[in-house]
file work38.csv (CSV, C-alpha atoms and all ligand atoms)
chain,number,residue,atom,x,y,z
A,732,MET,CA,6.7,-18.2,0.5
A,733,LEU,CA,3.9,-16.9,2.8
A,734,VAL,CA,4.8,-13.3,3.9
A,735,LEU,CA,3.1,-11.3,6.7
A,736,GLY,CA,3.2,-7.6,5.8
A,737,ILE,CA,2.9,-4.9,8.4
A,738,GLU,CA,2.4,-1.2,7.6
A,739,THR,CA,2.4,1.4,10.5
A,740,SER,CA,4.2,4.4,9.0
A,741,CYS,CA,1.5,7.0,9.6
A,742,ASP,CA,-2.2,6.9,10.4
A,743,GLU,CA,-3.2,3.5,9.0
A,744,THR,CA,-2.6,0.1,10.6
A,745,GLY,CA,-2.3,-2.3,7.6
A,746,VAL,CA,-1.7,-6.0,7.7
A,747,ALA,CA,-1.7,-8.6,4.9
A,748,LEU,CA,-0.6,-12.1,4.0
A,749,TYR,CA,0.9,-12.5,0.5
A,750,ASP,CA,1.8,-15.9,-0.9
A,751,SER,CA,4.5,-15.9,-3.6
A,752,GLU,CA,2.6,-18.7,-5.4
A,753,SER,CA,-1.1,-18.0,-4.9
A,754,GLY,CA,-1.0,-14.2,-4.5
A,755,LEU,CA,-2.7,-12.1,-1.9
A,756,ARG,CA,-4.4,-14.3,0.7
A,757,ALA,CA,-5.9,-11.7,3.1
A,758,HIS,CA,-5.5,-8.1,4.1
A,759,ALA,CA,-7.0,-5.8,6.8
A,760,LEU,CA,-6.8,-2.2,7.5
A,761,PHE,CA,-7.7,0.1,10.4
A,762,SER,CA,-7.8,3.8,9.6
A,763,GLN,CA,-7.2,6.3,12.4
A,764,ILE,CA,-8.9,9.1,10.4
A,765,ASP,CA,-11.7,9.6,13.0
A,766,MET,CA,-9.2,9.9,15.8
A,767,HIS,CA,-7.1,12.5,14.2
A,768,ALA,CA,-9.9,14.5,12.5
A,769,ASP,CA,-10.5,16.5,15.7
A,770,TYR,CA,-7.0,17.8,15.5
A,771,GLY,CA,-7.0,18.6,11.7
A,772,GLY,CA,-4.1,16.3,11.0
A,773,VAL,CA,-2.1,13.3,12.3
A,774,VAL,CA,-1.0,13.5,16.0
A,775,PRO,CA,2.2,11.3,16.0
A,776,GLU,CA,1.9,10.1,19.6
A,777,LEU,CA,-1.8,9.2,19.2
A,778,ALA,CA,-0.9,7.3,16.0
A,779,SER,CA,1.8,5.2,17.7
A,780,ARG,CA,-0.5,4.3,20.6
A,781,ASP,CA,-3.3,3.3,18.3
A,782,HIS,CA,-1.0,1.1,16.2
A,783,VAL,CA,0.0,-0.7,19.5
A,784,ARG,CA,-3.7,-1.4,20.2
A,785,LYS,CA,-4.7,-2.5,16.7
A,786,LEU,CA,-1.7,-4.3,15.2
A,787,LEU,CA,-1.9,-7.7,16.9
A,788,PRO,CA,-5.7,-8.1,16.5
A,789,LEU,CA,-5.3,-7.3,12.8
A,790,CYS,CA,-2.5,-9.9,12.5
A,791,GLU,CA,-4.9,-12.5,14.1
A,792,GLN,CA,-7.6,-11.4,11.7
A,793,VAL,CA,-5.7,-11.9,8.5
A,794,LEU,CA,-4.4,-15.3,9.6
A,795,ALA,CA,-8.0,-16.3,10.4
A,796,ASP,CA,-9.3,-14.8,7.1
A,797,ALA,CA,-6.7,-16.8,5.1
A,798,GLY,CA,-7.3,-20.0,7.2
A,799,GLN,CA,-3.6,-20.0,8.3
A,800,GLN,CA,-1.8,-20.5,11.6
A,801,ARG,CA,1.1,-18.4,12.9
A,802,HIS,CA,3.6,-21.2,12.2
A,803,ASP,CA,2.6,-21.1,8.5
A,804,ILE,CA,4.3,-17.7,8.1
A,805,ASP,CA,7.6,-18.0,6.3
A,806,ALA,CA,8.8,-14.5,6.6
A,807,ILE,CA,7.8,-11.0,7.9
A,808,ALA,CA,8.0,-7.7,6.1
A,809,TYR,CA,7.4,-4.4,7.8
A,810,THR,CA,7.6,-0.7,6.9
A,811,ALA,CA,11.0,0.6,8.1
A,812,GLY,CA,10.6,4.1,6.7
A,813,PRO,CA,10.1,6.8,5.7
A,814,GLY,CA,7.4,7.8,8.2
A,815,LEU,CA,6.7,8.8,11.8
A,816,VAL,CA,9.4,7.2,13.9
A,817,GLY,CA,7.2,6.2,16.8
A,818,ALA,CA,4.6,4.7,14.5
A,819,LEU,CA,7.3,2.8,12.6
A,820,MET,CA,8.8,1.5,15.8
A,821,VAL,CA,5.5,-0.3,16.6
A,822,GLY,CA,5.5,-2.2,13.4
A,823,GLY,CA,9.2,-2.9,13.6
A,824,SER,CA,8.9,-4.2,17.2
A,825,VAL,CA,6.0,-6.5,16.5
A,826,ALA,CA,7.7,-7.8,13.3
A,827,HIS,CA,11.0,-8.6,15.0
A,828,ALA,CA,9.3,-10.1,18.1
A,829,LEU,CA,7.2,-12.4,15.8
A,830,GLY,CA,10.1,-13.2,13.6
A,831,PHE,CA,12.2,-14.2,16.6
A,832,ALA,CA,9.4,-16.3,18.1
A,833,LEU,CA,8.6,-18.1,14.9
A,834,GLY,CA,12.3,-18.3,13.8
A,835,VAL,CA,11.6,-16.7,10.4
A,836,PRO,CA,13.4,-13.9,8.5
A,837,VAL,CA,12.4,-10.3,8.9
A,838,LEU,CA,12.9,-7.5,6.4
A,839,GLY,CA,12.3,-3.7,6.7
A,840,VAL,CA,10.6,-2.4,3.6
A,841,HIS,CA,10.7,1.1,2.1
A,842,HIS,CA,7.2,2.6,2.2
A,843,MET,CA,7.4,4.2,-1.2
A,844,GLU,CA,8.7,1.0,-2.8
A,845,GLY,CA,5.6,-0.6,-1.4
A,846,HIS,CA,3.4,2.1,-3.1
A,847,LEU,CA,5.4,1.8,-6.3
A,848,LEU,CA,4.9,-2.0,-6.5
A,849,ALA,CA,1.3,-2.0,-5.4
A,850,PRO,CA,0.0,-2.1,-9.1
A,851,MET,CA,1.7,-5.5,-9.3
A,852,LEU,CA,-1.1,-6.9,-7.1
A,853,GLU,CA,-3.6,-6.3,-9.9
A,854,THR,CA,-4.4,-8.4,-12.9
A,855,ASN,CA,-2.4,-7.2,-15.9
A,856,PRO,CA,0.5,-5.8,-13.9
A,857,PRO,CA,3.1,-3.5,-15.7
A,858,ALA,CA,6.3,-5.1,-17.1
A,859,PHE,CA,9.7,-3.4,-16.4
A,860,PRO,CA,10.9,-0.9,-17.4
A,861,PHE,CA,8.3,1.8,-16.6
A,862,ILE,CA,8.1,5.4,-15.4
A,863,ALA,CA,6.5,5.8,-12.0
A,864,LEU,CA,4.7,8.8,-10.7
A,865,LEU,CA,4.7,8.6,-6.9
A,866,VAL,CA,2.1,11.0,-5.4
A,867,SER,CA,1.4,10.7,-1.7
A,868,GLY,CA,1.1,12.9,1.3
A,869,GLY,CA,4.9,13.2,1.7
A,870,HIS,CA,6.3,12.6,-1.8
A,871,THR,CA,5.9,13.7,-5.4
A,872,GLN,CA,8.5,11.9,-7.6
A,873,LEU,CA,9.0,10.7,-11.1
A,874,VAL,CA,11.2,7.6,-11.1
A,875,ARG,CA,12.5,5.4,-13.9
A,876,VAL,CA,12.0,1.8,-12.8
A,877,ASP,CA,14.1,-0.9,-14.4
A,878,GLY,CA,13.4,-3.6,-11.9
A,879,VAL,CA,12.8,-4.0,-8.1
A,880,GLY,CA,15.4,-1.8,-6.5
A,881,GLU,CA,16.6,-0.3,-9.8
A,882,TYR,CA,15.3,3.2,-9.4
A,883,THR,CA,16.5,6.4,-11.1
A,884,LEU,CA,15.0,9.6,-9.7
A,885,MET,CA,14.0,11.8,-12.7
A,886,GLY,CA,12.3,14.6,-10.9
A,887,GLU,CA,10.6,15.5,-7.6
A,888,SER,CA,8.8,18.3,-5.7
A,889,VAL,CA,11.0,21.1,-4.6
A,890,ASP,CA,8.5,22.0,-1.8
A,891,ASP,CA,5.1,20.5,-0.9
A,892,ALA,CA,4.0,17.0,-2.1
A,893,ALA,CA,0.8,16.8,-4.2
A,894,GLY,CA,-1.1,15.1,-1.4
A,895,GLU,CA,0.0,17.7,1.0
A,896,ALA,CA,-1.2,20.5,-1.4
A,897,PHE,CA,-4.6,18.7,-1.5
A,898,ASP,CA,-4.7,18.5,2.3
A,899,LYS,CA,-3.8,22.2,2.7
A,900,ALA,CA,-6.3,23.3,0.0
A,901,ALA,CA,-9.0,21.3,1.9
A,902,LYS,CA,-8.3,23.2,5.1
A,903,MET,CA,-8.6,26.5,3.2
A,904,LEU,CA,-12.0,25.4,1.9
A,905,GLY,CA,-13.1,24.4,5.4
A,906,LEU,CA,-12.9,20.6,4.7
A,907,ASP,CA,-11.8,18.0,7.3
A,908,TYR,CA,-8.7,16.0,7.3
A,909,PRO,CA,-7.7,14.0,5.2
A,910,GLY,CA,-8.3,16.6,2.5
A,911,GLY,CA,-7.6,14.8,-0.8
A,912,PRO,CA,-10.7,12.8,-1.2
A,913,ARG,CA,-12.9,15.6,0.2
A,914,VAL,CA,-11.5,18.2,-2.2
A,915,ALA,CA,-12.1,15.7,-5.0
A,916,ALA,CA,-15.7,15.1,-3.9
A,917,LEU,CA,-16.4,18.9,-3.6
A,918,ALA,CA,-14.8,19.4,-7.1
A,919,GLN,CA,-17.5,17.1,-8.6
A,920,GLN,CA,-20.0,20.0,-8.0
A,921,GLY,CA,-17.5,22.6,-9.4
A,922,ARG,CA,-17.9,24.2,-12.8
A,923,VAL,CA,-15.1,24.0,-15.3
A,924,GLY,CA,-13.4,27.3,-16.2
A,925,VAL,CA,-14.9,29.6,-13.5
A,926,TYR,CA,-11.4,29.9,-12.1
A,927,ARG,CA,-8.1,29.2,-13.7
A,928,PHE,CA,-5.2,28.2,-11.4
A,929,PRO,CA,-1.5,28.2,-12.5
A,930,ARG,CA,0.3,25.1,-13.7
A,931,PRO,CA,3.6,25.5,-11.7
A,932,MET,CA,6.9,24.9,-13.3
A,933,THR,CA,5.5,23.7,-16.6
A,934,ASP,CA,6.8,26.7,-18.6
A,935,ARG,CA,10.4,25.6,-18.1
A,936,PRO,CA,12.2,22.3,-19.0
A,937,GLY,CA,12.8,19.6,-16.4
A,938,LEU,CA,10.8,17.2,-14.4
A,939,ASP,CA,10.7,18.8,-11.0
A,940,PHE,CA,7.4,20.0,-9.3
A,941,SER,CA,6.4,22.8,-7.0
A,942,PHE,CA,3.1,23.0,-5.3
A,943,SER,CA,3.5,25.7,-2.7
A,944,GLY,CA,2.6,28.5,-5.1
A,945,LEU,CA,-0.6,26.8,-5.9
A,946,LYS,CA,-1.4,26.7,-2.2
A,947,THR,CA,-0.9,30.4,-2.0
A,948,TYR,CA,-3.0,31.0,-5.1
A,949,THR,CA,-5.8,28.9,-3.5
A,950,LEU,CA,-5.5,30.9,-0.2
A,951,ASN,CA,-5.7,34.2,-2.1
A,952,THR,CA,-8.7,33.1,-4.2
A,953,VAL,CA,-10.6,31.9,-1.1
A,954,ALA,CA,-9.7,35.2,0.7
A,955,ALA,CA,-10.9,37.3,-2.3
A,956,ALA,CA,-14.2,35.4,-2.5
A,957,GLU,CA,-14.7,35.8,1.2
A,958,ALA,CA,-14.0,39.5,1.1
A,959,ALA,CA,-16.4,39.9,-1.8
A,960,GLY,CA,-19.1,37.9,0.2
A,961,THR,CA,-19.3,35.3,-2.6
A,962,LEU,CA,-17.8,32.3,-0.8
A,963,ASP,CA,-20.9,30.1,-1.0
A,964,GLU,CA,-21.0,26.3,-1.6
A,965,GLN,CA,-20.9,26.7,-5.4
A,966,THR,CA,-17.8,29.0,-5.3
A,967,ARG,CA,-16.0,26.6,-2.9
A,968,ALA,CA,-16.7,23.8,-5.4
A,969,ASP,CA,-15.5,25.9,-8.3
A,970,ILE,CA,-12.3,26.6,-6.5
A,971,ALA,CA,-11.8,22.9,-5.6
A,972,ARG,CA,-12.4,22.1,-9.3
A,973,ALA,CA,-9.9,24.6,-10.5
A,974,PHE,CA,-7.3,23.4,-7.9
A,975,GLU,CA,-7.8,19.8,-8.8
A,976,THR,CA,-7.6,20.5,-12.6
A,977,ALA,CA,-4.3,22.5,-12.1
A,978,VAL,CA,-2.7,19.6,-10.1
A,979,VAL,CA,-3.9,17.0,-12.6
A,980,GLU,CA,-2.7,19.0,-15.7
A,981,THR,CA,0.7,19.8,-14.0
A,982,LEU,CA,1.3,16.1,-13.2
A,983,ALA,CA,0.2,15.1,-16.7
A,984,ILE,CA,2.5,17.5,-18.4
A,985,LYS,CA,5.5,16.2,-16.4
A,986,CYS,CA,4.5,12.6,-17.0
A,987,ARG,CA,4.3,13.2,-20.7
A,988,ARG,CA,7.8,14.7,-20.7
A,989,ALA,CA,9.1,11.8,-18.7
A,990,LEU,CA,7.6,9.2,-21.1
A,991,GLU,CA,8.9,11.1,-24.1
A,992,GLN,CA,12.4,11.6,-22.6
A,993,SER,CA,12.8,8.0,-21.6
A,994,GLY,CA,11.1,6.3,-24.6
A,995,CYS,CA,9.1,4.2,-22.1
A,996,GLN,CA,5.5,3.4,-23.0
A,997,ARG,CA,4.4,2.4,-19.5
A,998,LEU,CA,3.4,4.8,-16.7
A,999,VAL,CA,2.6,3.6,-13.2
A,1000,ILE,CA,0.9,5.9,-10.8
A,1001,ALA,CA,1.1,5.1,-7.1
A,1002,GLY,CA,0.5,6.6,-3.7
A,1003,GLY,CA,-2.6,8.1,-2.1
A,1004,VAL,CA,-3.3,10.8,-4.8
A,1005,SER,CA,-3.3,8.0,-7.5
A,1006,ALA,CA,-6.8,7.1,-6.1
A,1007,ASN,CA,-8.0,10.4,-7.6
A,1008,HIS,CA,-10.4,9.8,-10.5
A,1009,ARG,CA,-9.6,12.9,-12.5
A,1010,LEU,CA,-5.9,12.2,-12.2
A,1011,ARG,CA,-6.4,8.7,-13.6
A,1012,GLU,CA,-8.6,10.1,-16.4
A,1013,GLY,CA,-6.1,12.9,-17.2
A,1014,LEU,CA,-3.2,10.6,-17.4
A,1015,ASN,CA,-5.1,8.0,-19.4
A,1016,GLU,CA,-6.0,10.6,-22.0
A,1017,MET,CA,-2.4,11.9,-22.1
A,1018,ALA,CA,-1.0,8.4,-22.5
A,1019,ARG,CA,-3.5,7.4,-25.2
A,1020,LYS,CA,-2.0,10.1,-27.4
A,1021,LEU,CA,1.5,8.7,-26.9
A,1022,ASN,CA,0.3,5.1,-27.5
A,1023,SER,CA,1.3,4.4,-23.9
A,1024,GLN,CA,-0.4,2.5,-21.1
A,1025,VAL,CA,-1.2,3.7,-17.5
A,1026,TYR,CA,-1.2,1.3,-14.6
A,1027,TYR,CA,-2.6,1.8,-11.0
A,1028,ALA,CA,-3.7,-0.1,-8.1
A,1029,ARG,CA,-7.3,-0.5,-6.9
A,1030,PRO,CA,-8.2,2.6,-4.7
A,1031,GLU,CA,-7.7,0.8,-1.4
A,1032,PHE,CA,-4.2,-0.2,-2.4
A,1033,CYS,CA,-3.3,3.4,-3.5
A,1034,THR,CA,-3.5,4.7,0.0
A,1035,ASP,CA,-1.4,3.1,2.8
A,1036,ASN,CA,-2.0,-0.7,3.2
A,1037,GLY,CA,-0.3,-3.9,4.4
A,1038,ALA,CA,-0.7,-5.7,1.0
A,1039,MET,CA,1.9,-3.5,-0.7
A,1040,ILE,CA,4.4,-4.1,2.1
A,1041,ALA,CA,3.8,-7.8,2.0
A,1042,TYR,CA,4.3,-7.9,-1.8
A,1043,ALA,CA,7.4,-5.6,-1.9
A,1044,GLY,CA,8.9,-7.5,1.0
A,1045,CYS,CA,8.2,-10.9,-0.6
A,1046,GLN,CA,10.1,-10.0,-3.7
A,1047,ARG,CA,13.2,-9.1,-1.7
A,1048,LEU,CA,12.8,-12.0,0.8
A,1049,LEU,CA,12.6,-14.4,-2.1
A,1050,ALA,CA,15.8,-13.1,-3.4
A,1051,GLY,CA,17.5,-13.9,-0.1
A,1052,GLN,CA,17.5,-10.4,1.4
A,1053,ARG,CA,16.8,-10.2,5.2
A,1054,ASP,CA,17.8,-7.9,8.1
A,1055,GLY,CA,19.7,-8.6,11.3
A,1056,ASP,CA,18.2,-8.4,14.7
A,1057,ARG,CA,18.1,-4.6,14.8
A,1058,ILE,CA,14.7,-2.9,14.5
A,1059,VAL,CA,14.9,-0.3,11.7
A,1060,ALA,CA,12.8,2.8,11.9
A,1061,VAL,CA,14.0,5.7,9.7
A,1062,PRO,CA,12.0,8.9,9.2
A,1063,ARG,CA,13.9,9.8,6.0
A,1064,TRP,CA,15.2,7.2,3.5
A,1065,PRO,CA,16.0,8.1,-0.2
A,1066,MET,CA,14.5,5.3,-2.3
A,1067,ASP,CA,17.3,5.3,-4.9
A,1068,THR,CA,19.7,4.0,-2.2
A,1069,LEU,CA,17.8,0.7,-2.1
A,1070,PRO,CA,19.8,-2.3,-3.5
A,1071,PRO,CA,18.6,-4.2,-6.5
A,1072,LEU,CA,17.3,-7.8,-6.0
A,1073,HIS,CA,20.5,-9.5,-7.0
A,1074,GLU,CA,22.5,-7.8,-4.1
A,1075,PRO,CA,21.9,-10.3,-1.3
A,1076,ARG,CA,21.3,-9.8,2.4
A,1077,THR,CA,19.9,-6.4,3.5
A,1078,ASN,CA,17.7,-3.5,2.5
A,1079,GLY,CA,20.8,-1.2,2.5
A,1080,LEU,CA,20.0,0.1,6.0
A,1081,ALA,CA,20.2,-2.6,8.7
A,1082,ASP,CA,23.2,-4.1,10.6
A,1101,LIG,O1,0.0,7.3,0.2
A,1101,LIG,P1,-0.8,7.9,1.3
A,1101,LIG,O2,-2.0,7.1,1.8
A,1101,LIG,O3,0.1,8.2,2.5
A,1101,LIG,C1,1.4,8.7,2.4
A,1101,LIG,O4,2.3,7.8,2.2
A,1101,LIG,O5,1.5,9.9,2.5
A,1101,LIG,O6,-1.3,9.3,0.7
A,1101,LIG,C2,-2.1,10.1,1.5
A,1101,LIG,C3,-2.4,11.4,0.7
A,1101,LIG,C4,-3.1,12.4,1.5
A,1101,LIG,O7,-2.5,13.7,1.3
A,1101,LIG,C5,-4.5,12.4,0.9
A,1101,LIG,O8,-5.1,13.6,0.9
A,1101,LIG,C6,-4.2,12.0,-0.6
A,1101,LIG,O9,-3.2,11.0,-0.5
A,1101,LIG,N1,-5.4,11.4,-1.3
A,1101,LIG,C7,-6.0,12.0,-2.3
A,1101,LIG,C8,-7.1,11.1,-2.6
A,1101,LIG,N2,-7.1,10.1,-1.8
A,1101,LIG,C9,-6.0,10.3,-0.9
A,1101,LIG,N3,-5.7,13.1,-3.0
A,1101,LIG,C10,-6.6,13.4,-4.0
A,1101,LIG,N4,-7.6,12.7,-4.4
A,1101,LIG,C11,-7.9,11.5,-3.7
A,1101,LIG,N5,-9.0,10.8,-4.1
A,1102,ZN,ZN,1.9,6.1,1.9
call {"tool": "encode", "arguments": {"input": "work38.csv", "output": "C-alpha cells"}}
result
Amino acid sequence: MLVLGIETSCDETGVALYDSESGLRAHALFSQIDMHADYGGVVPELASRDHVRKLLPLCEQVLADAGQQRHDIDAIAYTAGPGLVGALMVGGSVAHALGFALGVPVLGVHHMEGHLLAPMLETNPPAFPFIALLVSGGHTQLVRVDGVGEYTLMGESVDDAAGEAFDKAAKMLGLDYPGGPRVAALAQQGRVGVYRFPRPMTDRPGLDFSFSGLKTYTLNTVAAAEAAGTLDEQTRADIARAFETAVVETLAIKCRRALEQSGCQRLVIAGGVSANHRLREGLNEMARKLNSQVYYARPEFCTDNGAMIAYAGCQRLLAGQRDGDRIVAVPRWPMDTLPPLHEPRTNGLAD
C-alpha cells in the first residue's frame, strides 16, 4: 500500500510517501522558522497561509522523487490533531480533496502517535511492548505502548512541556525561536557545575513532570547575573548547560522509574526534544545500567515531518481503518482515546 502522508499541525509542512512493502519512498519538508522568527514564536494565521502555499508543490515533489504518479497513491494520511486548527484544516482539506479525486481512503492521524512511531522508520526498530517518552513543544508524557493504539498514560507534565521550557529558556538567554536547538548549541560552550538547577518533582514518587519552576529558576538566575553585571557569553553558556542538564536528568530519573515499574526493557524517545544529543546520551547511560535499550528516530524525524504521519497512517489504513468525508481538525485529542488496530473503521473521532 502506497500512502501519502501530510503534516501541517504547526510550523512545518511535511509530506512523504511510505510503501508498506518497500518502506519510505520519499519525503520533503518546508520549515517556516524564518517566517516566524521575527515574531519570536509561531503566528497561527501566517502558518496556515504558508501551508496553503507549500503543500501541493511538496506533494508533487515527493511523487517526482519517488518516481510515482498521483494515481499510484493507494491511501492518504494527514495530521488531524492536536495542533493549530487553521494549520490542520489546510492538511485535512488537501487530503480529503485528493482522496475524493483519486477515489482512495483517507485517515486523520494523531500527531503524537506519529512521533511515537517515528523510530519504526529506522533500521532495528523497537518491538512491542515498550515505554515511550514523548517530548515535544506541546507534550511531555510517559506512555506504555503494547501495540499501535494500545497506549497507557503513565505520567505527564502538570504544566509546561519540555520543549516549551527549552523555548522559554532560550528567550531568557536572548536566543531566537525555536529555542531548543539554540540552547543546546550554547550549552556546548557551558562549563559543568558552575550552576546547579533543580530537578523538579524527582524527590517524590510518581511519573509526572513539572517544568514551570525550572523556567522561573532560569529567569531568576539570568536576572541575578544581569544585576551583578556578569551576564557575558560564558555565563549565558553556563546557564544553558545547567538548564539542559537539569531537564535531561529529570527526564532520565522518570524514565528509569517507568522502566523499573513496568519491567519493560525498551525505551523509545520521540518528539522534537528527542533530537537533543545530551538527552540521548543521558538516557543511553541510564538504560545501560538497567540492561535496557533506547530507541529514537534520526534527528529530522524527531521534529515534525510527513514520514511519521505516512507511517502511522499506513499501519491503521492497512488494518482497514479509514474516515468518512468529514475533514477532522482537533486542537486537543488525548492519545489514549485512539482505538487499537483490530477495531476497524475510524480513528475514534470522525463520522
Ligand atoms: O515535535 P516538535 O517538532 O513539534 C511539536 O510537536 O511540538 O517539537 C518541537 C520542540 C520545540 O520546543 C523545540 O525547541 C524542541 O522541540 N527541540 C529541541 C531540540 N530540537 C527541537 N529541544 C532541545 N534540543 C534540541 N536539539
Ligand atoms: Zn510534533
call {"tool": "residues_around", "arguments": {"input": "work38.csv", "residues": "Leu1072 (chain A)", "least_positions_apart": "6", "cutoff": "10 Å", "atoms": "only C-alpha atoms", "output": "list in words"}}
result
Gly878, Val879, Gly880, Glu881, Gln1046, Arg1047, Leu1048, Leu1049, Ala1050, Gly1051, Gln1052 and Asn1078 of chain A
call {"tool": "residues_near_point", "arguments": {"input": "work38.csv", "point": "(3.1, 1.7, 19.8)", "cutoff": "8 Å", "atoms": "only C-alpha atoms", "output": "PyMOL selection string"}}
result
chain A and resi 778-784+817-818+820-822
call {"tool": "residues_near_ligand", "arguments": {"input": "work38.csv", "ligand": "ligand ZN 1102 (chain A)", "cutoff": "7 Å", "atoms": "all atoms listed in the file", "output": "list of chain:residue names"}}
result
A:His842, A:Met843, A:His846, A:Ser867, A:Gly868, A:Gly1002, A:Gly1003, A:Thr1034, A:Asp1035
call {"tool": "write_last_selection", "arguments": {"input": "work38.csv", "atoms": "C-alpha atoms", "output": "short mmCIF file (atom, residue, chain, number, x, y, z; two decimals), keeping the file's coordinate frame"}}
result
data_model
loop_
_atom_site.label_atom_id
_atom_site.label_comp_id
_atom_site.auth_asym_id
_atom_site.auth_seq_id
_atom_site.Cartn_x
_atom_site.Cartn_y
_atom_site.Cartn_z
CA HIS A 842 7.20 2.60 2.20
CA MET A 843 7.40 4.20 -1.20
CA HIS A 846 3.40 2.10 -3.10
CA SER A 867 1.40 10.70 -1.70
CA GLY A 868 1.10 12.90 1.30
CA GLY A 1002 0.50 6.60 -3.70
CA GLY A 1003 -2.60 8.10 -2.10
CA THR A 1034 -3.50 4.70 0.00
CA ASP A 1035 -1.40 3.10 2.80
#
call {"tool": "atom_distance", "arguments": {"input": "work38.csv", "atom1": "CA of Gly886 (chain A)", "atom2": "CA of Val999 (chain A)"}}
result
14.8 Å
call {"tool": "closest_residue", "arguments": {"input": "work38.csv", "among": "A:Ala1001, A:Ile862, A:Ala968, A:Leu990", "to": "ligand LIG 1101 (chain A)", "atoms": "only C-alpha atoms and all ligand atoms"}}
result
A:Ala1001
call {"tool": "closest_atom_pairs", "arguments": {"input": "work38.csv", "of": "chain A", "to": "ligand LIG 1101 (chain A)", "cutoff": "10 Å", "atoms": "only C-alpha atoms and all ligand atoms", "output": "Markdown table"}}
result
| residue | atom | partner | partner_atom | distance |
| --- | --- | --- | --- | --- |
| A:Ser740 | CA | A:LIG1101 | O4 | 7.8 |
| A:Cys741 | CA | A:LIG1101 | O3 | 7.3 |
| A:Asp742 | CA | A:LIG1101 | O3 | 8.3 |
| A:Glu743 | CA | A:LIG1101 | O2 | 8.1 |
| A:Pro813 | CA | A:LIG1101 | O4 | 8.6 |
| A:Gly814 | CA | A:LIG1101 | O4 | 7.9 |
| A:His842 | CA | A:LIG1101 | O4 | 7.1 |
| A:Met843 | CA | A:LIG1101 | O4 | 7.1 |
| A:Gly845 | CA | A:LIG1101 | O4 | 9.7 |
| A:His846 | CA | A:LIG1101 | O1 | 7.0 |
| A:Leu865 | CA | A:LIG1101 | O1 | 8.6 |
| A:Val866 | CA | A:LIG1101 | O1 | 7.0 |
| A:Ser867 | CA | A:LIG1101 | O6 | 3.9 |
| A:Gly868 | CA | A:LIG1101 | O5 | 3.3 |
| A:Gly869 | CA | A:LIG1101 | O5 | 4.8 |
| A:His870 | CA | A:LIG1101 | O5 | 7.0 |
| A:Thr871 | CA | A:LIG1101 | O5 | 9.8 |
| A:Ala892 | CA | A:LIG1101 | O7 | 8.0 |
| A:Ala893 | CA | A:LIG1101 | O7 | 7.1 |
| A:Gly894 | CA | A:LIG1101 | O7 | 3.3 |
| A:Glu895 | CA | A:LIG1101 | O7 | 4.7 |
| A:Ala896 | CA | A:LIG1101 | O7 | 7.4 |
| A:Phe897 | CA | A:LIG1101 | O8 | 5.7 |
| A:Asp898 | CA | A:LIG1101 | O8 | 5.1 |
| A:Lys899 | CA | A:LIG1101 | O7 | 8.7 |
| A:Ala900 | CA | A:LIG1101 | O8 | 9.8 |
| A:Ala901 | CA | A:LIG1101 | O8 | 8.7 |
| A:Tyr908 | CA | A:LIG1101 | O8 | 7.7 |
| A:Pro909 | CA | A:LIG1101 | O8 | 5.0 |
| A:Gly910 | CA | A:LIG1101 | O8 | 4.7 |
| A:Gly911 | CA | A:LIG1101 | O8 | 3.3 |
| A:Pro912 | CA | A:LIG1101 | N5 | 3.9 |
| A:Arg913 | CA | A:LIG1101 | N5 | 7.5 |
| A:Val914 | CA | A:LIG1101 | C10 | 7.1 |
| A:Ala915 | CA | A:LIG1101 | N4 | 5.4 |
| A:Ala916 | CA | A:LIG1101 | N5 | 8.0 |
| A:Glu975 | CA | A:LIG1101 | C10 | 8.1 |
| A:Val978 | CA | A:LIG1101 | C10 | 9.5 |
| A:Val979 | CA | A:LIG1101 | C10 | 9.7 |
| A:Ala1001 | CA | A:LIG1101 | O1 | 7.7 |
| A:Gly1002 | CA | A:LIG1101 | O1 | 4.0 |
| A:Gly1003 | CA | A:LIG1101 | O6 | 3.3 |
| A:Val1004 | CA | A:LIG1101 | N3 | 3.8 |
| A:Ser1005 | CA | A:LIG1101 | C11 | 6.9 |
| A:Ala1006 | CA | A:LIG1101 | N5 | 4.7 |
| A:Asn1007 | CA | A:LIG1101 | N5 | 3.7 |
| A:His1008 | CA | A:LIG1101 | N5 | 6.6 |
| A:Arg1009 | CA | A:LIG1101 | N4 | 8.3 |
| A:Leu1010 | CA | A:LIG1101 | N4 | 8.0 |
| A:Pro1030 | CA | A:LIG1101 | N2 | 8.1 |
| A:Glu1031 | CA | A:LIG1101 | O2 | 9.1 |
| A:Phe1032 | CA | A:LIG1101 | O2 | 8.7 |
| A:Cys1033 | CA | A:LIG1101 | O1 | 6.3 |
| A:Thr1034 | CA | A:LIG1101 | O2 | 3.4 |
| A:Asp1035 | CA | A:LIG1101 | O2 | 4.2 |
| A:Asn1036 | CA | A:LIG1101 | O2 | 7.9 |
call {"tool": "residues_around", "arguments": {"input": "work38.csv", "residues": "Thr933 (chain A)", "least_positions_apart": "5", "cutoff": "9 Å", "atoms": "only C-alpha atoms", "output": "list in words"}}
result
Leu938, Phe940, Thr981, Ile984 and Lys985 of chain A
call {"tool": "atom_distance", "arguments": {"input": "work38.csv", "atom1": "CA of Arg930 (chain A)", "atom2": "CA of Pro857 (chain A)"}}
result
28.8 Å
call {"tool": "atom_distance", "arguments": {"input": "work38.csv", "atom1": "CA of Leu962 (chain A)", "atom2": "CA of Thr976 (chain A)"}}
result
19.6 Å
call {"tool": "residues_near_point", "arguments": {"input": "work38.csv", "point": "(-16.0, 28.9, -17.4)", "cutoff": "12 Å", "atoms": "all atoms listed in the file", "output": "NGL selection string"}}
result
:A and (921-927 or 969-970 or 972-973)
call {"tool": "closest_atom_pairs", "arguments": {"input": "work38.csv", "of": "region 783-878 of chain A", "to": "region 757-765 of chain A", "cutoff": "8 Å", "atoms": "all atoms listed in the file", "output": "tab-separated table"}}
result
residue	atom	partner	partner_atom	distance
A:Lys785	CA	A:Phe761	CA	7.4
A:Leu789	CA	A:Ala759	CA	6.4
A:Gln792	CA	A:Ala759	CA	7.5
A:Val793	CA	A:Ala757	CA	5.4
A:Leu794	CA	A:Ala757	CA	7.6
A:Asp796	CA	A:Ala757	CA	6.1
A:Ala797	CA	A:Ala757	CA	5.5
